[in-house]
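Trainee: Sharing a structure, written as structure tokens. Questions coming.
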Amino acid sequence: MSNGYITSEESLPNAEETETVLQVRDAETKEIFHSRARIARDPAQLEQPKPLSVVRGPHETTKEQWYIEFVDETTTTEERLEQLLEKQADRSNVINTRSGDLDVLLQYLVETGQYESTADATRELLFKQLADEYPSLLETYVDLKNRHESDPLRNVLEDE
């Protein structure tokens, strides 16, 4: 990880030096992750301060220099996805929204011939929304999944 980080002003806690979970972007690698951290405007208020650019405004072009001190290990998006991907083999892959409204609307889409099944409609609509709203998350996941599935050593070890 680099020595510089970036976060949005909207992510900041109400009080400085408050320990919080903060979404941060590594300025060097552009990796986005969440971490428990303390922040302050004055580096002397933290034991191990690292530069933190706090951005704000409609295009996040206004920057203010703050400092961040990580309290625990950071978990990158890739690391968190890796953990979830490994746990997936042991979990059900059924997603249940328990929504009568969604059921009716999805069933309508099926009955009007727009989708083959409510499962197809749900997958396609959800993936499209994820691609529109979280493209970097999907890119990271696809790369991770391709590496995970194409690792013959991992496959052999998991089979035993």
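Residue numbering restarts at 1 for every chain of the structure tokens, chains are lettered A, B, ... in their displayed order, and ligands are numbered from 1 as they appear.
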Skip segment 122-133 of chain A itself and residues of its chain fewer than 6 positions away, then list as a list in words all residues within 12 Å of it, counting only C-alpha atoms.
Mentor: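 Residues meeting the cut-off are Asn93, Val94, Ile95, Asn96, Thr97, Leu102, Asp103, Leu105, Leu106, Gln107, Leu109, Val110, Gln114, Tyr115, Glu116, Glu139, Thr140, Tyr141 and Val142 of chain A.
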Trainee: From a DSSP pass on the backbone, collect the residues of chain A flagged as helix (DSSP H, G or I) and hand them back as a PyMOL selection string.
Mentor: chain A and resi 9-11+43-45+77-88+100-111+118-133+135-149+152-159
Trainee: If we count only C-alpha atoms, what is near Thr20 of chain A at a cut-off of 9 Å, once residues fewer than 2 positions away on the same chain are taken out, given as an MDAnalysis selection string?
Mentor: chainID A and resid 12:13 17:18 22 35:39
Trainee: Any chance you can output those residues with C-alpha atoms as an mmCIF file, in the first residue's frame?
Mentor:
data_model
loop_
_atom_site.group_PDB
_atom_site.id
_atom_site.type_symbol
_atom_site.label_atom_id
_atom_site.label_comp_id
_atom_site.auth_asym_id
_atom_site.auth_seq_id
_atom_site.Cartn_x
_atom_site.Cartn_y
_atom_site.Cartn_z
ATOM 1 C CA LEU A 12 -15.967 11.133 7.404
ATOM 2 C CA PRO A 13 -17.318 10.670 10.929
ATOM 3 C CA GLU A 17 -10.000 11.196 16.069
ATOM 4 C CA THR A 18 -13.105 9.030 16.290
ATOM 5 C CA LEU A 22 -13.959 4.331 6.476
ATOM 6 C CA SER A 35 -10.770 -0.117 7.095
ATOM 7 C CA ARG A 36 -11.124 0.732 10.738
ATOM 8 C CA ALA A 37 -9.182 3.963 11.191
ATOM 9 C CA ARG A 38 -8.788 7.217 13.100
ATOM 10 C CA ILE A 39 -8.545 10.508 11.264
#
Trainee: Please provide as an MDAnalysis selection string all residues within 9 Å of Glu60 of chain A, with the sequence filter that same-chain residues fewer than 6 positions apart are discarded (counting only C-alpha atoms).
Mentor: chainID A and resid 8:9 54
Trainee: Take the selection from the previous step and output its residues with C-alpha atoms, as a tab-separated table (two decimals), in the first residue's frame.
Mentor:
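Just written: part_3.tsv:
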chain	number	residue	atom	x	y	z
A	8	SER	CA	-14.88	11.49	0.30
A	9	GLU	CA	-15.94	14.11	2.81
A	54	VAL	CA	-10.46	14.43	1.65
Trainee: Point out the residue among A:Lys145, A:His34, A:Arg41, A:Lys50 with the least atom-to-atom distance to Ile68 of chain A, counting only C-alpha atoms.
Mentor: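 Looking at the shortest contact to Ile68 of chain A, the residue is A:Lys50.
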Trainee: Quick one: everything within 9 Å of Asp42 of chain A, counting only C-alpha atoms, minus sequence neighbours fewer than 5 positions away in the same chain. Send it as JSON, numbers by chain.
Mentor: {"A": [49, 66, 67]}
Trainee: Output N, CA, C and O atoms for every residue in the selection just made, as a PDB file, in the first residue's frame.
Mentor:
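File selection.pdb, as written:
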ATOM      1  N   PRO A  49       0.466   8.618  11.547  1.00  0.00           N
ATOM      2  CA  PRO A  49      -0.344   9.286  10.530  1.00  0.00           C
ATOM      3  C   PRO A  49       0.167   9.029   9.109  1.00  0.00           C
ATOM      4  O   PRO A  49       1.360   8.917   8.874  1.00  0.00           O
ATOM      5  N   TRP A  66      -5.867  15.854   5.239  1.00  0.00           N
ATOM      6  CA  TRP A  66      -6.113  15.273   6.541  1.00  0.00           C
ATOM      7  C   TRP A  66      -5.068  14.174   6.733  1.00  0.00           C
ATOM      8  O   TRP A  66      -4.206  13.966   5.889  1.00  0.00           O
ATOM      9  N   TYR A  67      -5.211  13.438   7.832  1.00  0.00           N
ATOM     10  CA  TYR A  67      -4.314  12.321   8.111  1.00  0.00           C
ATOM     11  C   TYR A  67      -5.130  11.149   8.629  1.00  0.00           C
ATOM     12  O   TYR A  67      -6.163  11.325   9.279  1.00  0.00           O
TER      13      TYR A  67
END
Trainee: So, with only C-alpha atoms as the atoms that count, which of A:Ala44, A:Leu52, A:Ala121, A:Val104 lies closest to Gln23 of chain A?
Mentor: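 Ranking A:Ala44, A:Leu52, A:Ala121, A:Val104 by distance to Gln23 of chain A, first place goes to A:Leu52.
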Trainee: Can you list every residue in chain A that DSSP puts in strand (DSSP E or B), as a VMD selection string?
Mentor: chain A and resid 5 to 8 20 to 26 32 to 40 50 to 56 62 to 70 75 to 76
Trainee: What's the separation between atom CA of Leu157 of chain A and atom CA of Arg91 of chain A, in Å to one decimal place?
Mentor: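 Separating atom CA of Leu157 of chain A from atom CA of Arg91 of chain A is a distance of 19.1 Å.
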Trainee: Pick the closest to Ala27 of chain A from A:Ala119, A:Leu153, A:Leu85, A:Ile6: which is it, counting only C-alpha atoms?
Mentor: A:Ile6
Trainee: In terms of the shortest atom-to-atom distance over only C-alpha atoms, which of A:Val55, A:Leu46, A:Leu84, A:Ala89 is closest to Glu10 of chain A?
Mentor: A:Val55
